[in-house]
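Chemist: Okay, so here is start-v1.cif, and as you'll see once you scroll down, it has mmCIF, C-alpha atoms.
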```
data_coords
#
loop_
_atom_site.label_atom_id
_atom_site.label_comp_id
_atom_site.auth_asym_id
_atom_site.auth_seq_id
_atom_site.Cartn_x
_atom_site.Cartn_y
_atom_site.Cartn_z
CA MET X 1 -38.57 -114.14 172.86
CA PRO X 2 -36.95 -112.69 175.99
CA ARG X 3 -34.68 -115.09 177.80
CA SER X 4 -34.91 -115.76 181.53
CA ALA X 5 -32.08 -115.31 184.01
CA ARG X 6 -31.72 -119.09 184.07
CA ASP X 7 -31.34 -119.21 180.28
CA TRP X 8 -28.63 -116.52 180.34
CA LEU X 9 -26.83 -118.29 183.16
CA ASP X 10 -26.85 -121.56 181.19
CA LEU X 11 -25.51 -119.76 178.13
CA ILE X 12 -22.71 -118.17 180.17
CA ARG X 13 -21.81 -121.49 181.80
CA ALA X 14 -21.61 -123.15 178.39
CA LEU X 15 -19.02 -120.65 177.11
CA PRO X 16 -15.50 -122.11 176.81
CA LEU X 17 -14.00 -119.56 179.19
CA ARG X 18 -10.59 -120.55 180.56
CA GLU X 19 -8.90 -117.28 181.46
CA PRO X 20 -10.19 -115.06 184.27
CA VAL X 21 -12.31 -112.07 183.20
CA ARG X 22 -12.80 -109.06 185.45
CA ILE X 23 -16.02 -107.20 184.65
CA MET X 24 -16.45 -103.73 186.15
CA ASN X 25 -19.76 -101.96 186.67
CA VAL X 26 -19.96 -98.22 187.30
CA CYS X 27 -23.43 -97.90 188.78
CA GLY X 28 -24.63 -98.36 192.34
CA GLY X 29 -27.95 -99.66 190.99
CA HIS X 30 -26.15 -102.38 189.04
CA GLU X 31 -24.08 -103.33 192.06
CA ARG X 32 -27.21 -103.53 194.19
CA SER X 33 -28.99 -105.79 191.67
CA ILE X 34 -25.91 -108.01 191.30
CA THR X 35 -25.54 -108.35 195.05
CA THR X 36 -29.25 -108.74 195.83
CA ALA X 37 -29.68 -111.43 193.17
CA GLY X 38 -26.50 -113.17 194.36
CA LEU X 39 -25.05 -113.23 190.85
CA ARG X 40 -21.45 -113.52 192.08
CA GLY X 41 -22.26 -116.86 193.66
CA VAL X 42 -23.76 -118.45 190.55
CA LEU X 43 -21.36 -117.35 187.81
CA PRO X 44 -18.35 -119.50 186.83
CA PRO X 45 -15.38 -118.79 189.14
CA GLN X 46 -13.30 -117.27 186.32
CA ILE X 47 -15.70 -114.34 186.20
CA GLU X 48 -15.02 -111.59 188.73
CA LEU X 49 -17.55 -108.78 189.11
CA ILE X 50 -15.99 -105.53 190.33
CA PRO X 51 -17.95 -102.53 191.63
CA GLY X 52 -16.34 -99.40 190.20
CA PRO X 53 -17.00 -95.64 190.29
CA GLY X 54 -20.79 -95.75 190.56
CA CYS X 55 -21.54 -93.81 193.72
CA PRO X 56 -21.83 -90.02 193.36
CA VAL X 57 -22.25 -89.54 197.10
CA CYS X 58 -18.94 -91.35 197.68
CA VAL X 59 -16.95 -89.05 195.39
CA CYS X 60 -18.73 -85.80 196.23
CA PRO X 61 -15.90 -83.41 197.16
CA GLU X 62 -15.33 -83.19 200.88
CA GLU X 63 -14.82 -79.41 200.43
CA ALA X 64 -18.31 -79.06 198.95
CA ILE X 65 -19.92 -80.81 201.92
CA TYR X 66 -17.85 -78.72 204.34
CA ALA X 67 -18.92 -75.51 202.56
CA ALA X 68 -22.59 -76.57 202.68
CA ILE X 69 -22.30 -77.26 206.43
CA GLN X 70 -20.80 -73.81 206.99
CA HIS X 71 -23.45 -72.07 204.86
CA GLY X 72 -26.01 -73.63 207.18
CA LEU X 73 -24.18 -72.85 210.43
CA ARG X 74 -22.61 -69.48 209.69
CA ASP X 75 -24.53 -67.88 206.81
CA GLY X 76 -28.01 -68.69 208.05
CA ALA X 77 -28.92 -70.35 204.78
CA ILE X 78 -31.40 -73.19 204.44
CA VAL X 79 -29.31 -76.10 203.15
CA VAL X 80 -30.99 -78.83 201.11
CA ALA X 81 -29.40 -82.06 199.91
CA TYR X 82 -30.38 -85.57 198.84
CA GLY X 83 -30.93 -87.69 201.94
CA ASP X 84 -27.78 -89.77 201.43
CA MET X 85 -25.60 -86.66 201.71
CA LEU X 86 -26.71 -85.73 205.22
CA ARG X 87 -24.62 -88.37 207.00
CA VAL X 88 -21.44 -88.11 204.91
CA PRO X 89 -18.62 -87.09 207.27
CA VAL X 90 -16.07 -84.37 206.57
CA ASN X 91 -12.62 -84.02 208.13
CA VAL X 92 -12.86 -81.50 210.96
CA PRO X 93 -11.60 -81.24 214.56
CA LYS X 94 -13.70 -83.21 217.04
CA ASP X 95 -15.60 -80.19 218.38
CA GLU X 96 -16.98 -79.17 214.95
CA ALA X 97 -19.96 -80.48 212.97
CA ARG X 98 -18.78 -83.48 210.95
CA SER X 99 -21.86 -83.79 208.75
CA LEU X 100 -24.96 -81.92 207.65
CA GLU X 101 -26.89 -84.07 210.14
CA GLN X 102 -24.67 -82.85 212.98
CA ALA X 103 -25.02 -79.27 211.76
CA ARG X 104 -28.77 -79.69 211.97
CA ALA X 105 -28.44 -80.91 215.56
CA LEU X 106 -26.51 -77.69 216.26
CA GLY X 107 -29.41 -75.62 214.99
CA ALA X 108 -28.70 -75.21 211.26
CA ASP X 109 -31.72 -75.42 208.94
CA ILE X 110 -30.82 -78.54 206.96
CA ARG X 111 -33.51 -80.32 204.93
CA PRO X 112 -33.36 -83.59 202.99
CA ILE X 113 -34.96 -83.48 199.54
CA ALA X 114 -35.71 -86.08 196.89
CA SER X 115 -35.90 -83.78 193.85
CA PRO X 116 -34.59 -80.43 192.57
CA LEU X 117 -38.28 -79.48 192.39
CA GLU X 118 -38.39 -79.55 196.19
CA ALA X 119 -35.32 -77.30 196.38
CA ALA X 120 -37.08 -74.78 194.14
CA ARG X 121 -40.29 -75.00 196.18
CA ILE X 122 -38.42 -74.39 199.45
CA ALA X 123 -36.70 -71.37 197.86
CA ARG X 124 -40.06 -69.97 196.66
CA ASP X 125 -41.61 -70.53 200.09
CA ASN X 126 -38.73 -68.66 201.77
CA PRO X 127 -38.06 -65.67 199.50
CA GLU X 128 -36.28 -63.72 202.25
CA ARG X 129 -33.68 -66.47 202.78
CA GLN X 130 -30.92 -68.04 200.75
CA VAL X 131 -31.43 -71.72 199.98
CA VAL X 132 -28.24 -73.67 199.29
CA PHE X 133 -28.60 -76.92 197.35
CA LEU X 134 -25.65 -79.32 197.64
CA ALA X 135 -26.04 -80.67 194.10
CA ALA X 136 -24.15 -83.94 193.99
CA GLY X 137 -24.88 -86.63 191.41
CA PHE X 138 -24.02 -88.10 188.05
CA GLU X 139 -25.61 -87.26 184.69
CA THR X 140 -29.01 -88.73 185.61
CA THR X 141 -29.26 -86.41 188.60
CA THR X 142 -27.62 -83.37 187.03
CA ALA X 143 -29.88 -83.37 183.96
CA PRO X 144 -33.01 -82.81 186.11
CA LEU X 145 -31.18 -79.90 187.76
CA ALA X 146 -30.49 -78.51 184.29
CA ALA X 147 -34.20 -78.85 183.51
CA LEU X 148 -35.05 -76.89 186.64
CA LEU X 149 -32.59 -74.12 185.77
CA GLN X 150 -33.84 -73.85 182.19
CA GLU X 151 -37.47 -73.79 183.30
CA GLY X 152 -36.57 -70.99 185.69
CA ALA X 153 -35.28 -71.29 189.27
CA PRO X 154 -35.83 -68.68 192.01
CA ASP X 155 -32.91 -66.25 192.44
CA ASN X 156 -32.45 -67.18 196.10
CA LEU X 157 -31.64 -70.80 195.13
CA LEU X 158 -27.86 -71.19 195.25
CA LEU X 159 -26.02 -74.31 194.15
CA VAL X 160 -22.91 -75.96 195.51
CA MET X 161 -22.19 -77.81 192.28
CA ALA X 162 -20.81 -81.31 192.70
CA GLY X 163 -22.27 -82.91 189.55
CA ARG X 164 -19.96 -85.37 187.83
CA LEU X 165 -19.76 -87.21 184.51
CA THR X 166 -19.26 -90.95 184.76
CA TRP X 167 -17.29 -91.80 181.63
CA PRO X 168 -14.20 -89.65 182.43
CA ALA X 169 -13.56 -91.77 185.55
CA VAL X 170 -13.62 -94.90 183.39
CA ALA X 171 -11.37 -93.18 180.84
CA MET X 172 -8.94 -92.24 183.61
CA LEU X 173 -8.77 -95.87 184.78
CA LEU X 174 -8.29 -97.13 181.22
CA ASP X 175 -5.53 -94.58 180.60
CA SER X 176 -3.71 -95.69 183.76
CA GLU X 177 -1.11 -98.45 183.82
CA GLN X 178 -3.36 -100.88 185.68
CA PRO X 179 -7.04 -100.32 184.89
CA GLY X 180 -7.91 -103.42 186.95
CA PHE X 181 -10.67 -104.73 184.67
CA ASP X 182 -11.07 -106.52 181.33
CA ALA X 183 -14.62 -105.56 180.36
CA LEU X 184 -17.15 -102.87 181.24
CA ILE X 185 -20.86 -102.88 182.06
CA ALA X 186 -22.02 -99.36 181.20
CA PRO X 187 -24.66 -97.74 183.41
CA GLY X 188 -28.29 -98.06 182.30
CA HIS X 189 -29.86 -94.76 183.26
CA VAL X 190 -26.77 -92.64 182.59
CA SER X 191 -26.91 -94.14 179.10
CA ALA X 192 -30.66 -93.47 178.89
CA VAL X 193 -29.86 -89.77 179.28
CA MET X 194 -26.50 -89.48 177.50
CA GLY X 195 -26.79 -92.30 174.94
CA SER X 196 -25.00 -95.62 174.61
CA ASP X 197 -22.64 -94.11 172.02
CA GLU X 198 -20.91 -92.28 174.86
CA TRP X 199 -19.31 -95.62 175.81
CA ARG X 200 -17.98 -96.46 172.33
CA PHE X 201 -14.53 -95.22 173.37
CA VAL X 202 -14.17 -98.30 175.58
CA PRO X 203 -14.03 -100.84 172.72
CA GLU X 204 -12.84 -98.44 170.02
CA LYS X 205 -10.02 -96.64 171.83
CA HIS X 206 -9.08 -99.20 174.47
CA GLY X 207 -10.10 -102.50 172.87
CA LEU X 208 -12.19 -103.57 175.86
CA PRO X 209 -15.56 -105.34 175.54
CA ALA X 210 -18.50 -103.30 176.80
CA ALA X 211 -22.25 -103.67 177.22
CA VAL X 212 -25.01 -101.38 178.50
CA ALA X 213 -27.23 -103.15 181.04
CA GLY X 214 -30.54 -102.51 182.73
CA PHE X 215 -31.19 -103.41 186.34
CA SER X 216 -32.88 -106.81 186.15
CA PRO X 217 -30.80 -109.97 186.61
CA GLU X 218 -31.78 -110.92 183.03
CA SER X 219 -30.38 -107.70 181.58
CA LEU X 220 -27.21 -107.88 183.67
CA LEU X 221 -26.61 -111.53 182.78
CA ALA X 222 -27.21 -110.71 179.11
CA ALA X 223 -24.55 -108.00 179.41
CA PHE X 224 -22.09 -110.39 181.09
CA TYR X 225 -22.73 -112.89 178.31
CA ALA X 226 -22.17 -110.18 175.69
CA VAL X 227 -18.81 -109.04 177.05
CA ILE X 228 -17.57 -112.60 177.60
CA ARG X 229 -18.57 -113.53 174.05
CA GLN X 230 -16.69 -110.49 172.80
CA THR X 231 -13.68 -111.55 174.88
CA LEU X 232 -13.71 -115.09 173.47
CA ASP X 233 -14.21 -113.82 169.91
CA GLY X 234 -11.38 -111.33 170.33
CA GLU X 235 -13.64 -108.56 169.04
CA ALA X 236 -14.36 -105.72 171.42
CA ASP X 237 -17.67 -104.01 170.77
CA LEU X 238 -20.49 -102.21 172.57
CA THR X 239 -23.67 -104.26 173.05
CA ASN X 240 -26.87 -102.57 174.21
CA CYS X 241 -28.68 -104.97 176.56
CA TYR X 242 -31.17 -102.30 177.69
CA PRO X 243 -32.59 -101.21 174.30
CA GLU X 244 -36.08 -100.67 175.69
CA VAL X 245 -34.77 -97.57 177.49
CA VAL X 246 -31.35 -96.73 176.04
CA ARG X 247 -30.92 -95.24 172.58
CA PRO X 248 -27.59 -94.54 170.87
CA GLN X 249 -28.09 -90.78 171.31
CA GLY X 250 -29.88 -90.97 174.66
CA ASN X 251 -32.47 -88.33 175.50
CA PRO X 252 -31.69 -85.37 173.17
CA ALA X 253 -33.81 -82.91 175.18
CA ALA X 254 -31.96 -83.80 178.38
CA ARG X 255 -28.60 -83.37 176.67
CA ARG X 256 -29.65 -79.96 175.31
CA LEU X 257 -30.67 -78.86 178.81
CA LEU X 258 -27.31 -79.99 180.24
CA GLU X 259 -25.45 -78.21 177.44
CA ALA X 260 -27.39 -74.98 178.00
CA SER X 261 -26.76 -74.98 181.75
CA PHE X 262 -23.29 -76.28 182.36
CA ALA X 263 -19.73 -76.02 181.13
CA ILE X 264 -17.68 -79.18 181.51
CA GLY X 265 -14.35 -78.86 183.27
CA ASP X 266 -11.79 -80.63 185.42
CA ALA X 267 -13.20 -81.50 188.81
CA PRO X 268 -12.11 -83.14 192.08
CA TRP X 269 -13.40 -86.56 193.15
CA ARG X 270 -13.10 -87.18 196.87
CA GLY X 271 -9.99 -89.15 197.74
CA VAL X 272 -9.16 -89.60 194.06
CA GLY X 273 -8.09 -86.13 192.95
CA SER X 274 -8.95 -84.13 189.86
CA ILE X 275 -10.33 -85.98 186.84
CA PRO X 276 -10.16 -84.11 183.52
CA ALA X 277 -13.47 -82.95 181.99
CA SER X 278 -15.53 -84.70 184.66
CA GLY X 279 -17.40 -81.84 186.36
CA TYR X 280 -20.50 -79.81 185.55
CA HIS X 281 -19.98 -76.09 186.26
CA LEU X 282 -22.68 -73.43 185.99
CA LYS X 283 -22.21 -71.29 182.95
CA GLY X 284 -23.20 -67.86 181.69
CA ALA X 285 -25.99 -66.02 183.48
CA LEU X 286 -26.70 -69.11 185.61
CA ARG X 287 -23.57 -68.37 187.60
CA ARG X 288 -25.78 -66.08 189.68
CA HIS X 289 -26.93 -69.35 191.28
CA ASP X 290 -23.35 -70.37 192.15
CA ALA X 291 -22.97 -70.51 195.94
CA ARG X 292 -19.20 -70.20 195.53
CA GLU X 293 -19.65 -66.77 193.95
CA GLN X 294 -22.46 -65.57 196.21
CA LEU X 295 -21.34 -66.81 199.64
CA PRO X 296 -18.06 -66.95 201.59
CA ASP X 297 -16.16 -70.23 201.17
CA HIS X 298 -15.16 -70.43 204.87
CA GLY X 299 -11.71 -71.77 203.95
CA ALA X 300 -13.10 -75.10 202.73
CA GLU X 301 -9.95 -75.85 200.77
CA GLN X 302 -7.42 -74.64 203.33
CA ARG X 303 -8.18 -77.17 206.06
CA ARG X 304 -6.09 -80.13 207.10
CA ARG X 305 -7.17 -83.26 205.15
CA ALA X 306 -9.44 -81.16 202.91
CA GLY X 307 -10.72 -83.30 200.02
CA GLU X 308 -9.56 -86.55 201.56
CA MET X 309 -11.51 -89.55 202.77
CA PRO X 310 -11.83 -89.90 206.56
CA PRO X 311 -8.63 -91.17 208.22
CA GLY X 312 -8.16 -94.92 207.72
CA CYS X 313 -11.07 -95.19 205.26
CA ASP X 314 -10.24 -96.93 201.99
CA CYS X 315 -13.36 -95.72 200.18
CA ALA X 316 -11.37 -94.12 197.34
CA ARG X 317 -9.78 -97.43 196.38
CA VAL X 318 -13.14 -99.18 196.73
CA VAL X 319 -14.71 -96.59 194.40
CA LEU X 320 -11.99 -97.14 191.80
CA GLY X 321 -12.42 -100.93 192.00
CA LYS X 322 -8.86 -101.41 193.28
CA ILE X 323 -10.01 -103.34 196.35
CA PRO X 324 -13.30 -104.99 197.35
CA PRO X 325 -15.13 -103.44 200.33
CA THR X 326 -14.13 -106.38 202.52
CA ALA X 327 -10.44 -105.46 202.08
CA CYS X 328 -10.88 -102.15 203.92
CA LYS X 329 -9.66 -102.64 207.47
CA LEU X 330 -12.57 -100.57 208.81
CA TYR X 331 -15.26 -102.65 207.01
CA GLY X 332 -17.68 -103.97 209.63
CA ASN X 333 -15.53 -102.87 212.53
CA PRO X 334 -16.06 -100.08 213.31
CA CYS X 335 -17.61 -98.99 209.96
CA THR X 336 -21.22 -100.18 209.48
CA PRO X 337 -24.36 -98.54 208.04
CA ARG X 338 -25.42 -97.72 211.60
CA SER X 339 -22.19 -95.82 212.37
CA PRO X 340 -20.47 -95.24 209.04
CA ILE X 341 -16.89 -93.94 208.88
CA GLY X 342 -16.73 -93.34 205.13
CA PRO X 343 -19.21 -92.36 202.40
CA CYS X 344 -19.16 -95.85 200.78
CA MET X 345 -20.92 -97.14 203.91
CA VAL X 346 -23.29 -94.14 204.09
CA SER X 347 -24.76 -94.17 200.62
CA ASP X 348 -27.31 -96.63 199.27
CA GLU X 349 -25.11 -96.69 196.18
CA GLY X 350 -21.86 -97.27 198.03
CA ALA X 351 -20.34 -100.71 197.50
CA CYS X 352 -19.56 -101.09 201.21
CA ARG X 353 -23.15 -100.46 202.25
CA ILE X 354 -24.55 -102.70 199.50
CA TRP X 355 -22.26 -105.59 200.43
CA TRP X 356 -22.82 -105.16 204.17
CA SER X 357 -26.63 -105.00 203.77
CA ALA X 358 -26.54 -108.21 201.74
CA GLY X 359 -24.65 -109.99 204.52
CA THR X 360 -21.17 -110.04 202.97
CA ARG X 361 -18.69 -110.28 205.85
CA MET K 1 -30.31 -90.87 195.05
CA CYS K 2 -29.63 -92.49 191.73
CA LEU K 3 -32.49 -94.96 191.54
CA GLY K 4 -34.80 -94.63 188.53
CA ILE K 5 -38.35 -95.72 189.34
CA PRO K 6 -40.99 -96.60 186.74
CA MET K 7 -44.25 -94.72 187.21
CA GLN K 8 -47.53 -94.51 185.30
CA ILE K 9 -48.80 -91.08 184.33
CA ILE K 10 -52.31 -90.43 185.63
CA GLY K 11 -52.66 -86.70 184.98
CA ILE K 12 -50.93 -84.01 182.91
CA ASP K 13 -50.88 -80.21 183.17
CA GLY K 14 -48.32 -78.75 180.77
CA TYR K 15 -44.93 -80.14 181.75
CA ASN K 16 -46.22 -81.14 185.19
CA ALA K 17 -47.74 -84.54 185.70
CA ARG K 18 -49.19 -86.73 188.42
CA ALA K 19 -47.75 -90.23 188.40
CA SER K 20 -48.34 -93.41 190.31
CA ALA K 21 -46.27 -96.46 191.22
CA LYS K 22 -47.87 -99.30 193.15
CA GLY K 23 -50.38 -97.00 194.81
CA VAL K 24 -47.92 -94.22 195.66
CA GLU K 25 -48.60 -90.93 193.83
CA ARG K 26 -46.13 -88.15 193.10
CA ASP K 27 -45.97 -84.89 191.15
CA ILE K 28 -43.31 -85.23 188.47
CA SER K 29 -41.91 -83.06 185.68
CA LEU K 30 -42.06 -84.00 182.00
CA PHE K 31 -39.66 -81.20 181.04
CA MET K 32 -36.93 -83.64 180.01
CA LEU K 33 -39.35 -85.44 177.68
CA GLN K 34 -40.40 -82.23 175.91
CA ASP K 35 -39.42 -83.64 172.49
CA GLU K 36 -41.86 -86.57 172.78
CA LEU K 37 -44.35 -85.81 175.52
CA PRO K 38 -45.98 -88.91 176.99
CA ALA K 39 -49.76 -89.25 177.40
CA ILE K 40 -51.94 -90.25 180.34
CA GLY K 41 -51.56 -93.99 180.89
CA ASP K 42 -47.96 -94.11 179.61
CA PHE K 43 -45.11 -95.40 181.77
CA VAL K 44 -41.92 -93.45 182.37
CA ILE K 45 -38.75 -93.86 184.40
CA VAL K 46 -38.65 -91.16 187.07
CA HIS K 47 -35.39 -89.92 188.46
CA VAL K 48 -35.32 -87.34 191.28
CA GLY K 49 -38.79 -86.15 190.27
CA TYR K 50 -38.16 -85.96 186.52
CA ALA K 51 -39.24 -88.42 183.86
CA ILE K 52 -36.06 -89.26 181.95
CA GLN K 53 -37.38 -91.82 179.44
CA ARG K 54 -40.49 -93.70 178.44
CA ILE K 55 -40.75 -97.40 179.18
CA SER K 56 -43.20 -100.14 178.24
CA GLU K 57 -45.76 -101.41 180.72
CA ASP K 58 -44.12 -104.86 180.76
CA ASP K 59 -40.74 -103.37 181.60
CA ALA K 60 -42.26 -101.17 184.29
CA ARG K 61 -43.92 -104.14 185.97
CA GLN K 62 -40.69 -106.16 185.85
CA SER K 63 -38.81 -103.29 187.52
CA TRP K 64 -41.41 -103.00 190.27
CA GLU K 65 -40.91 -106.68 191.07
CA LEU K 66 -37.17 -106.08 191.25
CA PHE K 67 -37.64 -103.13 193.64
CA ASP K 68 -39.89 -105.22 195.88
CA GLN K 69 -37.08 -107.74 196.12
CA ILE K 70 -34.47 -105.09 196.88
CA LEU K 71 -36.66 -103.37 199.47
CA ALA K 72 -37.40 -106.68 201.16
CA GLU K 73 -33.67 -107.25 201.42
CA SER K 74 -32.93 -103.71 202.69
CA ASP K 75 -35.51 -104.17 205.46
CA ALA K 76 -34.07 -107.50 206.50
#
```
Let me see the structure of the file written as structure tokens.
Modeler:
Amino acid sequence: MPRSARDWLDLIRALPLREPVRIMNVCGGHERSITTAGLRGVLPPQIELIPGPGCPVCVCPEEAIYAAIQHGLRDGAIVVAYGDMLRVPVNVPKDEARSLEQARALGADIRPIASPLEAARIARDNPERQVVFLAAGFETTTAPLAALLQEGAPDNLLLVMAGRLTWPAVAMLLDSEQPGFDALIAPGHVSAVMGSDEWRFVPEKHGLPAAVAGFSPESLLAAFYAVIRQTLDGEADLTNCYPEVVRPQGNPAARRLLEASFAIGDAPWRGVGSIPASGYHLKGALRRHDAREQLPDHGAEQRRRAGEMPPGCDCARVVLGKIPPTACKLYGNPCTPRSPIGPCMVSDEGACRIWWSAGTR
Amino acid sequence: MCLGIPMQIIGIDGYNARASAKGVERDISLFMLQDELPAIGDFVIVHVGYAIQRISEDDARQSWELFDQILAESDA
């Protein structure tokens, strides 16, 4: 018999929890559900919920966005990107285009898309032009791209690869001196693709409680209950609170497609630096789709503040769960969803935007 | 970008399918479910145009309610 959110809340409140527990999530969808449902306000005060590295737009390399802007302005390419990416600012002098949106205003052919299928269609409809796809995203977004490549993508579709794996960012935090959290909520749809077993290293190597959650308040509260129970029992484990979608091995076809398309290597995360084995890179014959090999790079990495967050923006520490959005001195003034300074306020998955939209001041 | 949306499959042509969620229809790909292809009437979670996993009707309906709530809040 499935339990209601109220039941889970009562169970959590009845636990003999005395010490503070910091529970990190690594998924913008989780953070949105937590914030929308107001879960922070109803849990016992010892429980702190921390938004962690769950926003692929936020960590998309600044150099990759800069390169995509230049391909649109200087190479005459059609540039396509998920809608969130269009307003993410890069670090350039005042008289240059700061975002794909500004490049479009200057005449570049920039188009928002919602699926890799649209990128392929635009490339097929424009065979005489190069179509550059700024391919940011975590496993859930990169696996569909792998499917497109394996099914056969047009040769004039070029990719600025910015796909990232989620777990290496968590591993990096856990390997650091101050991870900043005591338990992990593993992402639901990343786990649906990659499998819940991918998160076993959290309890087994680091001794931290972990649970995979779905996106309903019931599933999230069940996951909080699971990790707090593990904490009280002194037995770290991985509990799957989203079994209707997540299997231990994930979606084997999706994993095969990823494996066939990409090599995994070190990769930069904006404002954070390089994280080992966290990036998807085109491999083998698919490198003919690599924009970096087919187009000039326009000095993306040689610029002042290349790879950094915008000046004054604390998005990198927000992404890593080191500070809450409200601790950034730009939060709300002048940085708001209407005129965002940093990517965490641009993206629907950014903690700053989620908190601001929910009225957190 | 990263939101998975439950949809019901209403038509299939190879790995391409037509799917519907609360009256909105989209063309989606079943390529990632090639090991266990769904049938017309089944529910799947769709992510950037690709079905990534099957889901029960009950779970799909619960998720739709959740999205309604989130959208209502985003509009506010």
Chemist: For the PyMOL selection byres ((chain X) within 9 of (chain K)), applied here, can you spell out every residue it catches as a PyMOL selection string?
Modeler: chain X and resi 27-29+32-33+36-37+55-57+82-84+114-118+137-138+140-141+143-144+147-148+151+189+192-193+215-217+244-246+250-255+257+347-349+357-358
Chemist: How would you write, as an NGL selection string, the residues chosen by the PyMOL selection byres ((chain X and resi 60) around 12) on this structure?
Modeler: :X and (53-59 or 61-66 or 68 or 81-82 or 84-85 or 88-90 or 134-138 or 160-165 or 267-274 or 279 or 307-309 or 315-316 or 319 or 342-344 or 347)
Chemist: Could you turn the residues from that selection into a file that holds C-alpha atoms, as a compact mmCIF listing (two decimals), in the frame of the given file?
Modeler:
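Generated output (part22.txt):
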```
# COMPACT_ATOMS: atom_id res chain seq x y z
CA PRO X 53 -17.00 -95.64 190.29
CA GLY X 54 -20.79 -95.75 190.56
CA CYS X 55 -21.54 -93.81 193.72
CA PRO X 56 -21.83 -90.02 193.36
CA VAL X 57 -22.25 -89.54 197.10
CA CYS X 58 -18.94 -91.35 197.68
CA VAL X 59 -16.95 -89.05 195.39
CA PRO X 61 -15.90 -83.41 197.16
CA GLU X 62 -15.33 -83.19 200.88
CA GLU X 63 -14.82 -79.41 200.43
CA ALA X 64 -18.31 -79.06 198.95
CA ILE X 65 -19.92 -80.81 201.92
CA TYR X 66 -17.85 -78.72 204.34
CA ALA X 68 -22.59 -76.57 202.68
CA ALA X 81 -29.40 -82.06 199.91
CA TYR X 82 -30.38 -85.57 198.84
CA ASP X 84 -27.78 -89.77 201.43
CA MET X 85 -25.60 -86.66 201.71
CA VAL X 88 -21.44 -88.11 204.91
CA PRO X 89 -18.62 -87.09 207.27
CA VAL X 90 -16.07 -84.37 206.57
CA LEU X 134 -25.65 -79.32 197.64
CA ALA X 135 -26.04 -80.67 194.10
CA ALA X 136 -24.15 -83.94 193.99
CA GLY X 137 -24.88 -86.63 191.41
CA PHE X 138 -24.02 -88.10 188.05
CA VAL X 160 -22.91 -75.96 195.51
CA MET X 161 -22.19 -77.81 192.28
CA ALA X 162 -20.81 -81.31 192.70
CA GLY X 163 -22.27 -82.91 189.55
CA ARG X 164 -19.96 -85.37 187.83
CA LEU X 165 -19.76 -87.21 184.51
CA ALA X 267 -13.20 -81.50 188.81
CA PRO X 268 -12.11 -83.14 192.08
CA TRP X 269 -13.40 -86.56 193.15
CA ARG X 270 -13.10 -87.18 196.87
CA GLY X 271 -9.99 -89.15 197.74
CA VAL X 272 -9.16 -89.60 194.06
CA GLY X 273 -8.09 -86.13 192.95
CA SER X 274 -8.95 -84.13 189.86
CA GLY X 279 -17.40 -81.84 186.36
CA GLY X 307 -10.72 -83.30 200.02
CA GLU X 308 -9.56 -86.55 201.56
CA MET X 309 -11.51 -89.55 202.77
CA CYS X 315 -13.36 -95.72 200.18
CA ALA X 316 -11.37 -94.12 197.34
CA VAL X 319 -14.71 -96.59 194.40
CA GLY X 342 -16.73 -93.34 205.13
CA PRO X 343 -19.21 -92.36 202.40
CA CYS X 344 -19.16 -95.85 200.78
CA SER X 347 -24.76 -94.17 200.62
```
Chemist: Box in all listed atoms of segment 55-69 of chain K, axis-aligned, with 8 Å more on each side; write out centre and edge lengths in Å to one decimal as lines of an AutoDock Vina configuration file.
Modeler:
```
center_x = -41.4
center_y = -102.6
center_z = 187.2
size_x = 24.7
size_y = 26.3
size_z = 33.9
```
Chemist: How far is it from atom CA of Ser339 of chain X to atom CA of Ile122 of chain X, in Å with one decimal?
Modeler: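 Separating atom CA of Ser339 of chain X from atom CA of Ile122 of chain X is a distance of 29.8 Å.
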Chemist: So that I can check the surroundings of His71 of chain X, please list as a list in words every protein, DNA and RNA residue that reaches within 9 Å of it, counting only C-alpha atoms and ignoring chain neighbours fewer than 6 positions away.
Modeler: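 In the requested form, the answer reads Ala77, Ile78, Val79, Ala108, Val132, Leu295, Pro296, Asp297 and His298 of chain X.
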Chemist: Find the spatial neighbours of Val170 of chain X, counting all atoms listed in the file, within a cut-off of 10 Å - ignore same-chain residues fewer than 3 positions away - and output them as a PyMOL selection string.
Modeler: chain X and resi 24-26+52-53+165-167+173-176+179+184+186+199+202+320
Chemist: Taking (-47.1, -90.4, 186.0) in the file's own coordinates, collect the residues within 7 Å, counting all atoms listed in the file, and hand them back as a PyMOL selection string.
Modeler: chain K and resi 7-11+17-20+28+43
